[in-house]
Amino acid sequence: MQAIILAGGFGTRLAPLTYTKAKPILPLLNKPMISYLIEALPQNFEVIVAANYRNEQLKEYFKEMGIKAIISKEPKPLGTAGAVKNAEKYINDTFLVLNSDIISSLNIRKFIQYHVKKKAMVTISLWPVKNVEEYGVVDLQSDGRIRKFVEKPPRHEAPSNLINAGAYCLETEVLDYIEPNRFVSMEMEIFPKIIEDGKPFYGYTFDGYWIDVGRYSSYIEASKILLKKRGIKYLVGDSKVEGILKESTVGNNCIIEKNVIVKSSIIYDKCIIGENAYLENCIVADNCRIGKNAKLKNVVIGEGEKIGDNVVIENDETWETIWNKPLPEGYPDKQIGNPIKR
Ligand code: GTP
């Protein structure tokens with residue numbers, strides 16, 4: 001069976017981290033986040049990676065890991081459905097489409113079995129949320145069939161609390177719905193059309209955990225949940241740490257000096273954090289330097305940036321990003337893929 005991994009988005013909500021790295025390659029517990037998805041796939045799957053932005057980093061990852069994968073490159077970003085259509089030549093039967101930025105406990109075998117049992121054309125994974133008014137939720141029949149999607153309903157009018165969890169099992173007929181060489185969204189254009197045509201479209205709810213690692217807060221949350229799952233309070237690669245780490249990760253070749261406190265943060269590789277610095281809810285990309293006595297809260301620092309001694313940047317609800325270089329060429333200045341997601 002084949003699985004198309006959608007990995008070509010710009011990841012604008014995670015900029016400036018994504019100015020230099022493709023989102024699926026961003027580290028989560030010091031491993032590229034796409035590796036969690038690869039590990040969850042049953043062994044006999046043929047992996048097709050729908051890539052575009054920084055696809056060379058994805059090629060490199062699969063090569064380094066010795067994992068066989070077809071990199072299906074788009075000439076330009078084609079959206080979540082356009083990317084699938086672009087990979088049509090590799091598909092010959094029922095197939096999966098998986099968002100690369102979702103970390104979840106979805107059991108892929110059970111998901112496919114459900115799809116086959118229901119004789120569905122489309123089955124999407126579903127996850128319950130509390131804040132329905134921020135999402136698109138499904139209107140579901142008791143047998144699991146989806147009647148429609150309802151965008152951001154007021155809480156008292158919501159037909160369910162279940163949202164699209166970013167994994168799909170599809171029959172090849174779905175490909176006929178997607179116009180080639182055009183930017184097409186699976187969620188906004190193709191799925192509503194298939195439901196409207198009365199085709200068998202089902203939802204599969206699962207237990208455990210689900211995190212969309214698309215925003216700063218959920219990226220840090222994902223890191224904390226995975227640490228907890230492993231029963232550890234922090235994770236350090238090959239680095240020198242003299243300070244204190246709480247619910248945080250530190251990559252390789254970093255120096256965390258004396259009396260530093262790093263709380264609920266993700267530090268990539270080759271960073272230096274000076275004495276007495278305090279970091280909370282921070283994401284620090286490769287090769288950064290944080291000065292002595294700096295105090296940072298809710299700050300995201302792009303690759304190679306420097307924060308001086310004694311600098312204080314403290315936010316509570318909002319986030320501050322540090323990036324003092326030009327934007328990479330061709331990088332959009334706003335979200336282009338799925339404006340439903342925030
Ligand atoms: P934002 O810009 O922050 O919204 O991130 P994104 O560009 O990754 O978009 P989104 O989170 O909606 O994407 C969901 C999944 O689809 C991710 O795994 C993306 O990598 C992937 N994706 C989004 N747009 C495209 C595209 O045009 N081509 C391909 N191949 N993948 C895409």
# chains A, B, ... in the order shown; residues from 1 in each chain; ligands from 1
call {"tool": "residues_around", "arguments": {"residues": "Glu171 in chain A", "least_positions_apart": "5", "cutoff": "7 Å", "atoms": "only C-alpha atoms", "output": "PyMOL selection string"}}
result
chain A and resi 93-95+121-122
call {"tool": "closest_atom_pairs", "arguments": {"of": "range 53-171 of chain A", "to": "range 175-184 of chain A", "cutoff": "12 Å", "atoms": "only C-alpha atoms", "output": "Markdown table"}}
result
| residue | atom | partner | partner_atom | distance |
| --- | --- | --- | --- | --- |
| A:Glu74 | CA | A:Asn181 | CA | 9.1 |
| A:Pro75 | CA | A:Asn181 | CA | 8.8 |
| A:Lys76 | CA | A:Phe183 | CA | 8.7 |
| A:Pro77 | CA | A:Phe183 | CA | 6.9 |
| A:Leu78 | CA | A:Phe183 | CA | 4.1 |
| A:Gly79 | CA | A:Phe183 | CA | 5.1 |
| A:Thr80 | CA | A:Val184 | CA | 6.6 |
| A:Ala81 | CA | A:Val184 | CA | 5.2 |
| A:Gly82 | CA | A:Val184 | CA | 4.9 |
| A:Ala83 | CA | A:Val184 | CA | 8.2 |
| A:Val84 | CA | A:Leu175 | CA | 7.7 |
| A:Lys85 | CA | A:Leu175 | CA | 6.1 |
| A:Asn86 | CA | A:Pro180 | CA | 7.1 |
| A:Ala87 | CA | A:Leu175 | CA | 9.8 |
| A:Glu88 | CA | A:Leu175 | CA | 7.2 |
| A:Lys89 | CA | A:Leu175 | CA | 10.5 |
| A:Tyr90 | CA | A:Leu175 | CA | 11.8 |
| A:Ile91 | CA | A:Leu175 | CA | 9.5 |
| A:Asn92 | CA | A:Leu175 | CA | 10.9 |
| A:Asp93 | CA | A:Leu175 | CA | 11.1 |
| A:Thr94 | CA | A:Leu175 | CA | 11.0 |
| A:Phe95 | CA | A:Leu175 | CA | 10.8 |
| A:Val97 | CA | A:Leu175 | CA | 11.9 |
| A:Met121 | CA | A:Leu175 | CA | 10.9 |
| A:Val122 | CA | A:Leu175 | CA | 11.2 |
| A:Leu170 | CA | A:Leu175 | CA | 9.0 |
| A:Glu171 | CA | A:Leu175 | CA | 8.1 |
call {"tool": "write_last_selection", "arguments": {"atoms": "N, CA, C and O atoms", "output": "CSV table (one decimal), in the first residue's frame"}}
result
chain,number,residue,atom,x,y,z
A,74,GLU,N,6.8,19.1,-6.4
A,74,GLU,CA,5.9,20.0,-7.2
A,74,GLU,C,6.6,21.1,-7.8
A,74,GLU,O,7.6,21.7,-7.2
A,75,PRO,N,6.2,21.5,-9.0
A,75,PRO,CA,6.9,22.6,-9.7
A,75,PRO,C,6.6,23.9,-8.9
A,75,PRO,O,7.4,24.8,-8.9
A,76,LYS,N,5.5,24.0,-8.3
A,76,LYS,CA,5.1,25.1,-7.4
A,76,LYS,C,4.2,24.6,-6.3
A,76,LYS,O,3.6,23.5,-6.6
A,77,PRO,N,3.9,25.2,-5.2
A,77,PRO,CA,3.0,24.7,-4.2
A,77,PRO,C,1.6,24.5,-4.8
A,77,PRO,O,1.1,25.4,-5.4
A,78,LEU,N,1.1,23.3,-4.7
A,78,LEU,CA,-0.2,22.9,-5.3
A,78,LEU,C,-1.3,22.7,-4.3
A,78,LEU,O,-2.4,22.3,-4.6
A,79,GLY,N,-1.0,22.9,-3.0
A,79,GLY,CA,-2.0,22.7,-2.0
A,79,GLY,C,-2.1,21.3,-1.6
A,79,GLY,O,-1.5,20.4,-2.2
A,80,THR,N,-2.9,21.0,-0.6
A,80,THR,CA,-3.0,19.6,0.0
A,80,THR,C,-3.6,18.6,-1.0
A,80,THR,O,-3.2,17.4,-1.0
A,81,ALA,N,-4.5,19.0,-1.9
A,81,ALA,CA,-5.0,18.1,-2.9
A,81,ALA,C,-4.2,18.1,-4.2
A,81,ALA,O,-3.9,17.1,-4.8
A,82,GLY,N,-3.7,19.3,-4.6
A,82,GLY,CA,-2.9,19.4,-5.8
A,82,GLY,C,-1.6,18.6,-5.6
A,82,GLY,O,-1.2,18.0,-6.6
A,83,ALA,N,-1.1,18.5,-4.5
A,83,ALA,CA,0.1,17.7,-4.2
A,83,ALA,C,-0.1,16.3,-4.4
A,83,ALA,O,0.7,15.5,-4.9
A,84,VAL,N,-1.3,15.8,-4.0
A,84,VAL,CA,-1.7,14.4,-4.1
A,84,VAL,C,-1.9,14.1,-5.6
A,84,VAL,O,-1.4,13.1,-6.1
A,85,LYS,N,-2.6,15.0,-6.3
A,85,LYS,CA,-2.8,14.8,-7.8
A,85,LYS,C,-1.4,14.7,-8.5
A,85,LYS,O,-1.2,13.9,-9.4
A,86,ASN,N,-0.5,15.5,-8.1
A,86,ASN,CA,0.9,15.6,-8.6
A,86,ASN,C,1.6,14.2,-8.5
A,86,ASN,O,2.5,13.9,-9.2
A,87,ALA,N,1.2,13.5,-7.4
A,87,ALA,CA,1.8,12.2,-7.2
A,87,ALA,C,1.0,11.0,-7.7
A,87,ALA,O,1.3,9.8,-7.4
A,88,GLU,N,0.0,11.3,-8.6
A,88,GLU,CA,-1.0,10.3,-9.1
A,88,GLU,C,-0.3,9.1,-9.7
A,88,GLU,O,-0.7,8.0,-9.6
A,89,LYS,N,0.8,9.4,-10.5
A,89,LYS,CA,1.5,8.3,-11.2
A,89,LYS,C,2.0,7.2,-10.3
A,89,LYS,O,2.3,6.1,-10.8
A,90,TYR,N,2.2,7.5,-9.0
A,90,TYR,CA,2.7,6.5,-8.1
A,90,TYR,C,1.6,5.6,-7.4
A,90,TYR,O,1.9,4.7,-6.7
A,91,ILE,N,0.4,6.0,-7.6
A,91,ILE,CA,-0.7,5.4,-6.9
A,91,ILE,C,-1.4,4.4,-7.8
A,91,ILE,O,-1.8,4.7,-8.9
A,92,ASN,N,-1.7,3.2,-7.2
A,92,ASN,CA,-2.4,2.2,-8.0
A,92,ASN,C,-3.6,1.5,-7.3
A,92,ASN,O,-4.2,0.7,-7.8
A,93,ASP,N,-3.8,1.9,-6.0
A,93,ASP,CA,-4.9,1.3,-5.2
A,93,ASP,C,-5.2,2.2,-4.1
A,93,ASP,O,-4.7,3.3,-4.0
A,94,THR,N,-6.1,1.7,-3.2
A,94,THR,CA,-6.4,2.4,-1.9
A,94,THR,C,-5.1,3.0,-1.3
A,94,THR,O,-4.1,2.2,-1.2
A,95,PHE,N,-5.1,4.2,-0.9
A,95,PHE,CA,-3.9,4.8,-0.4
A,95,PHE,C,-4.1,5.8,0.8
A,95,PHE,O,-5.3,6.2,1.0
A,97,VAL,N,-3.1,9.4,2.8
A,97,VAL,CA,-2.5,10.8,2.8
A,97,VAL,C,-2.4,11.2,4.2
A,97,VAL,O,-3.3,11.2,5.0
A,121,MET,N,-15.3,5.7,0.2
A,121,MET,CA,-14.4,6.3,-0.8
A,121,MET,C,-13.3,7.1,-0.1
A,121,MET,O,-12.2,7.2,-0.5
A,122,VAL,N,-13.8,7.8,1.0
A,122,VAL,CA,-12.9,8.6,1.8
A,122,VAL,C,-13.2,8.2,3.3
A,122,VAL,O,-14.3,8.2,3.7
A,170,LEU,N,-7.9,6.9,1.2
A,170,LEU,CA,-8.7,7.3,0.0
A,170,LEU,C,-8.7,6.2,-1.1
A,170,LEU,O,-7.7,5.4,-1.3
A,171,GLU,N,-9.8,6.1,-1.8
A,171,GLU,CA,-9.8,5.3,-3.1
A,171,GLU,C,-9.3,6.1,-4.2
A,171,GLU,O,-9.4,7.4,-4.2
call {"tool": "residues_around", "arguments": {"residues": "Leu98 in chain A", "least_positions_apart": "4", "cutoff": "7 Å", "atoms": "only C-alpha atoms", "output": "short mmCIF file (atom, residue, chain, number, x, y, z; two decimals) with all heavy atoms, in the first residue's frame"}}
result
data_model
loop_
_atom_site.label_atom_id
_atom_site.label_comp_id
_atom_site.auth_asym_id
_atom_site.auth_seq_id
_atom_site.Cartn_x
_atom_site.Cartn_y
_atom_site.Cartn_z
N ILE A 4 1.01 8.79 0.94
CA ILE A 4 1.57 10.08 0.51
C ILE A 4 1.71 10.94 1.76
O ILE A 4 0.73 11.17 2.47
CB ILE A 4 0.65 10.79 -0.50
CG1 ILE A 4 0.48 9.93 -1.76
CG2 ILE A 4 1.21 12.17 -0.86
CD1 ILE A 4 -0.34 10.58 -2.86
N ILE A 5 2.91 11.38 2.04
CA ILE A 5 3.11 12.29 3.18
C ILE A 5 3.17 13.71 2.64
O ILE A 5 4.02 14.03 1.79
CB ILE A 5 4.40 11.93 3.93
CG1 ILE A 5 4.28 10.50 4.48
CG2 ILE A 5 4.67 12.92 5.05
CD1 ILE A 5 5.45 10.05 5.32
N LEU A 6 2.26 14.54 3.13
CA LEU A 6 2.23 15.94 2.68
C LEU A 6 3.30 16.70 3.45
O LEU A 6 3.21 16.85 4.67
CB LEU A 6 0.86 16.55 2.95
CG LEU A 6 -0.29 15.99 2.13
CD1 LEU A 6 -1.61 16.58 2.59
CD2 LEU A 6 -0.09 16.24 0.64
N GLY A 166 -6.19 15.08 10.04
CA GLY A 166 -5.05 15.14 9.12
C GLY A 166 -4.51 13.82 8.61
O GLY A 166 -3.38 13.78 8.11
N ALA A 167 -5.29 12.72 8.70
CA ALA A 167 -4.88 11.46 8.07
C ALA A 167 -6.09 10.96 7.27
O ALA A 167 -7.21 10.94 7.79
CB ALA A 167 -4.48 10.43 9.12
N TYR A 168 -5.85 10.59 6.01
CA TYR A 168 -6.96 10.18 5.14
C TYR A 168 -6.65 8.84 4.50
O TYR A 168 -5.51 8.57 4.13
CB TYR A 168 -7.16 11.20 4.00
CG TYR A 168 -7.09 12.65 4.43
CD1 TYR A 168 -6.30 13.56 3.72
CD2 TYR A 168 -7.79 13.09 5.54
CE1 TYR A 168 -6.23 14.89 4.11
CE2 TYR A 168 -7.72 14.41 5.95
CZ TYR A 168 -6.93 15.31 5.24
OH TYR A 168 -6.84 16.62 5.63
#
call {"tool": "select_by_dssp", "arguments": {"residues": "range 26-265 of chain A", "states": "helix (DSSP H, G or I)", "output": "PyMOL selection string"}}
result
chain A and resi 34-40+55-65+79-86+88-90+108-117+132-134+155-157+172-177+186-196+216-229
call {"tool": "residues_near_ligand", "arguments": {"ligand": "ligand 1", "cutoff": "7 Å", "atoms": "only C-alpha atoms and all ligand atoms", "output": "number ranges by chain"}}
result
A: 6-14, 23-24, 50-52, 74, 77-80, 83, 99-101, 214, 335-339, 341
call {"tool": "decode", "arguments": {"residues": "range 222-238 of chain A", "atoms": "all heavy atoms", "output": "mmCIF file, in the first residue's frame"}}
result
data_model
loop_
_atom_site.group_PDB
_atom_site.id
_atom_site.type_symbol
_atom_site.label_atom_id
_atom_site.label_comp_id
_atom_site.auth_asym_id
_atom_site.auth_seq_id
_atom_site.Cartn_x
_atom_site.Cartn_y
_atom_site.Cartn_z
ATOM 1 N N ALA A 222 3.749 19.681 22.136
ATOM 2 C CA ALA A 222 4.085 18.350 21.612
ATOM 3 C C ALA A 222 5.367 17.835 22.264
ATOM 4 O O ALA A 222 5.459 16.673 22.663
ATOM 5 C CB ALA A 222 4.265 18.412 20.097
ATOM 6 N N SER A 223 6.340 18.726 22.398
ATOM 7 C CA SER A 223 7.611 18.336 22.998
ATOM 8 C C SER A 223 7.390 17.885 24.449
ATOM 9 O O SER A 223 7.921 16.846 24.881
ATOM 10 C CB SER A 223 8.564 19.535 22.933
ATOM 11 O OG SER A 223 9.780 19.233 23.509
ATOM 12 N N LYS A 224 6.563 18.629 25.184
ATOM 13 C CA LYS A 224 6.314 18.290 26.596
ATOM 14 C C LYS A 224 5.538 16.969 26.720
ATOM 15 O O LYS A 224 5.832 16.149 27.591
ATOM 16 C CB LYS A 224 5.565 19.440 27.284
ATOM 17 C CG LYS A 224 6.492 20.639 27.523
ATOM 18 C CD LYS A 224 5.782 21.913 27.821
ATOM 19 C CE LYS A 224 5.096 21.965 29.146
ATOM 20 N NZ LYS A 224 4.634 23.341 29.476
ATOM 21 N N ILE A 225 4.572 16.769 25.832
ATOM 22 C CA ILE A 225 3.788 15.522 25.885
ATOM 23 C C ILE A 225 4.694 14.322 25.593
ATOM 24 O O ILE A 225 4.630 13.300 26.273
ATOM 25 C CB ILE A 225 2.600 15.579 24.889
ATOM 26 C CG1 ILE A 225 1.550 16.569 25.408
ATOM 27 C CG2 ILE A 225 1.977 14.197 24.663
ATOM 28 C CD1 ILE A 225 0.377 16.808 24.490
ATOM 29 N N LEU A 226 5.584 14.466 24.600
ATOM 30 C CA LEU A 226 6.463 13.341 24.255
ATOM 31 C C LEU A 226 7.483 13.057 25.364
ATOM 32 O O LEU A 226 7.819 11.914 25.631
ATOM 33 C CB LEU A 226 7.152 13.584 22.904
ATOM 34 C CG LEU A 226 6.216 13.588 21.688
ATOM 35 C CD1 LEU A 226 6.972 13.938 20.415
ATOM 36 C CD2 LEU A 226 5.532 12.233 21.502
ATOM 37 N N LEU A 227 7.955 14.127 26.032
ATOM 38 C CA LEU A 227 8.868 13.924 27.175
ATOM 39 C C LEU A 227 8.143 13.128 28.253
ATOM 40 O O LEU A 227 8.679 12.167 28.816
ATOM 41 C CB LEU A 227 9.316 15.270 27.754
ATOM 42 C CG LEU A 227 10.402 16.044 27.004
ATOM 43 C CD1 LEU A 227 10.589 17.430 27.604
ATOM 44 C CD2 LEU A 227 11.741 15.288 27.015
ATOM 45 N N LYS A 228 6.907 13.537 28.544
ATOM 46 C CA LYS A 228 6.107 12.886 29.577
ATOM 47 C C LYS A 228 5.865 11.421 29.217
ATOM 48 O O LYS A 228 5.988 10.534 30.066
ATOM 49 C CB LYS A 228 4.771 13.624 29.712
ATOM 50 C CG LYS A 228 4.143 13.470 31.058
ATOM 51 C CD LYS A 228 3.024 14.447 31.236
ATOM 52 C CE LYS A 228 2.285 14.082 32.515
ATOM 53 N NZ LYS A 228 1.022 14.762 32.634
ATOM 54 N N LYS A 229 5.548 11.183 27.941
ATOM 55 C CA LYS A 229 5.310 9.809 27.485
ATOM 56 C C LYS A 229 6.544 8.933 27.695
ATOM 57 O O LYS A 229 6.448 7.748 27.955
ATOM 58 C CB LYS A 229 4.952 9.816 25.990
ATOM 59 C CG LYS A 229 3.468 9.628 25.727
ATOM 60 C CD LYS A 229 3.125 9.820 24.268
ATOM 61 C CE LYS A 229 3.822 8.920 23.291
ATOM 62 N NZ LYS A 229 3.468 7.539 23.244
ATOM 63 N N ARG A 230 7.713 9.558 27.541
ATOM 64 C CA ARG A 230 8.964 8.792 27.758
ATOM 65 C C ARG A 230 9.378 8.774 29.216
ATOM 66 O O ARG A 230 10.407 8.201 29.573
ATOM 67 C CB ARG A 230 10.090 9.389 26.899
ATOM 68 C CG ARG A 230 9.936 8.933 25.454
ATOM 69 C CD ARG A 230 10.959 9.531 24.542
ATOM 70 N NE ARG A 230 12.341 9.261 24.917
ATOM 71 C CZ ARG A 230 13.384 9.610 24.173
ATOM 72 N NH1 ARG A 230 13.190 10.232 23.025
ATOM 73 N NH2 ARG A 230 14.606 9.362 24.567
ATOM 74 N N GLY A 231 8.609 9.463 30.067
ATOM 75 C CA GLY A 231 8.886 9.469 31.503
ATOM 76 C C GLY A 231 10.141 10.242 31.872
ATOM 77 O O GLY A 231 10.813 9.929 32.852
ATOM 78 N N ILE A 232 10.488 11.251 31.074
ATOM 79 C CA ILE A 232 11.675 12.059 31.377
ATOM 80 C C ILE A 232 11.297 13.542 31.469
ATOM 81 O O ILE A 232 10.308 13.974 30.886
ATOM 82 C CB ILE A 232 12.810 11.861 30.335
ATOM 83 C CG1 ILE A 232 12.280 12.045 28.890
ATOM 84 C CG2 ILE A 232 13.448 10.497 30.491
ATOM 85 C CD1 ILE A 232 13.340 11.946 27.813
ATOM 86 N N LYS A 233 12.100 14.296 32.208
ATOM 87 C CA LYS A 233 11.771 15.715 32.422
ATOM 88 C C LYS A 233 12.460 16.612 31.389
ATOM 89 O O LYS A 233 12.043 17.733 31.155
ATOM 90 C CB LYS A 233 12.198 16.137 33.833
ATOM 91 C CG LYS A 233 11.447 15.385 34.926
ATOM 92 C CD LYS A 233 10.861 16.365 35.917
ATOM 93 C CE LYS A 233 9.745 15.859 36.779
ATOM 94 N NZ LYS A 233 9.700 14.471 37.139
ATOM 95 N N TYR A 234 13.544 16.126 30.822
ATOM 96 C CA TYR A 234 14.241 16.890 29.780
ATOM 97 C C TYR A 234 15.075 15.931 28.938
ATOM 98 O O TYR A 234 15.260 14.760 29.325
ATOM 99 C CB TYR A 234 15.130 17.983 30.400
ATOM 100 C CG TYR A 234 16.152 17.460 31.360
ATOM 101 C CD1 TYR A 234 17.374 16.989 30.908
ATOM 102 C CD2 TYR A 234 15.891 17.416 32.730
ATOM 103 C CE1 TYR A 234 18.311 16.487 31.796
ATOM 104 C CE2 TYR A 234 16.826 16.920 33.621
ATOM 105 C CZ TYR A 234 18.023 16.449 33.143
ATOM 106 O OH TYR A 234 18.940 15.936 34.006
ATOM 107 N N LEU A 235 15.562 16.429 27.813
ATOM 108 C CA LEU A 235 16.401 15.592 26.954
ATOM 109 C C LEU A 235 17.561 16.441 26.444
ATOM 110 O O LEU A 235 17.345 17.562 25.963
ATOM 111 C CB LEU A 235 15.569 15.067 25.769
ATOM 112 C CG LEU A 235 16.304 14.164 24.797
ATOM 113 C CD1 LEU A 235 16.561 12.786 25.411
ATOM 114 C CD2 LEU A 235 15.497 13.986 23.511
ATOM 115 N N VAL A 236 18.769 15.922 26.557
ATOM 116 C CA VAL A 236 19.948 16.660 26.091
ATOM 117 C C VAL A 236 20.734 15.776 25.123
ATOM 118 O O VAL A 236 20.981 14.608 25.417
ATOM 119 C CB VAL A 236 20.874 17.028 27.274
ATOM 120 C CG1 VAL A 236 22.041 17.884 26.794
ATOM 121 C CG2 VAL A 236 20.116 17.746 28.369
ATOM 122 N N GLY A 237 21.106 16.328 23.972
ATOM 123 C CA GLY A 237 21.961 15.592 23.034
ATOM 124 C C GLY A 237 23.396 15.635 23.532
ATOM 125 O O GLY A 237 23.652 15.673 24.739
ATOM 126 N N ASP A 238 24.337 15.700 22.596
ATOM 127 C CA ASP A 238 25.752 15.739 22.960
ATOM 128 C C ASP A 238 26.125 17.205 23.235
ATOM 129 O O ASP A 238 26.660 17.899 22.375
ATOM 130 C CB ASP A 238 26.547 15.151 21.779
ATOM 131 C CG ASP A 238 27.995 14.969 22.133
ATOM 132 O OD1 ASP A 238 28.347 15.197 23.311
ATOM 133 O OD2 ASP A 238 28.773 14.638 21.225
#
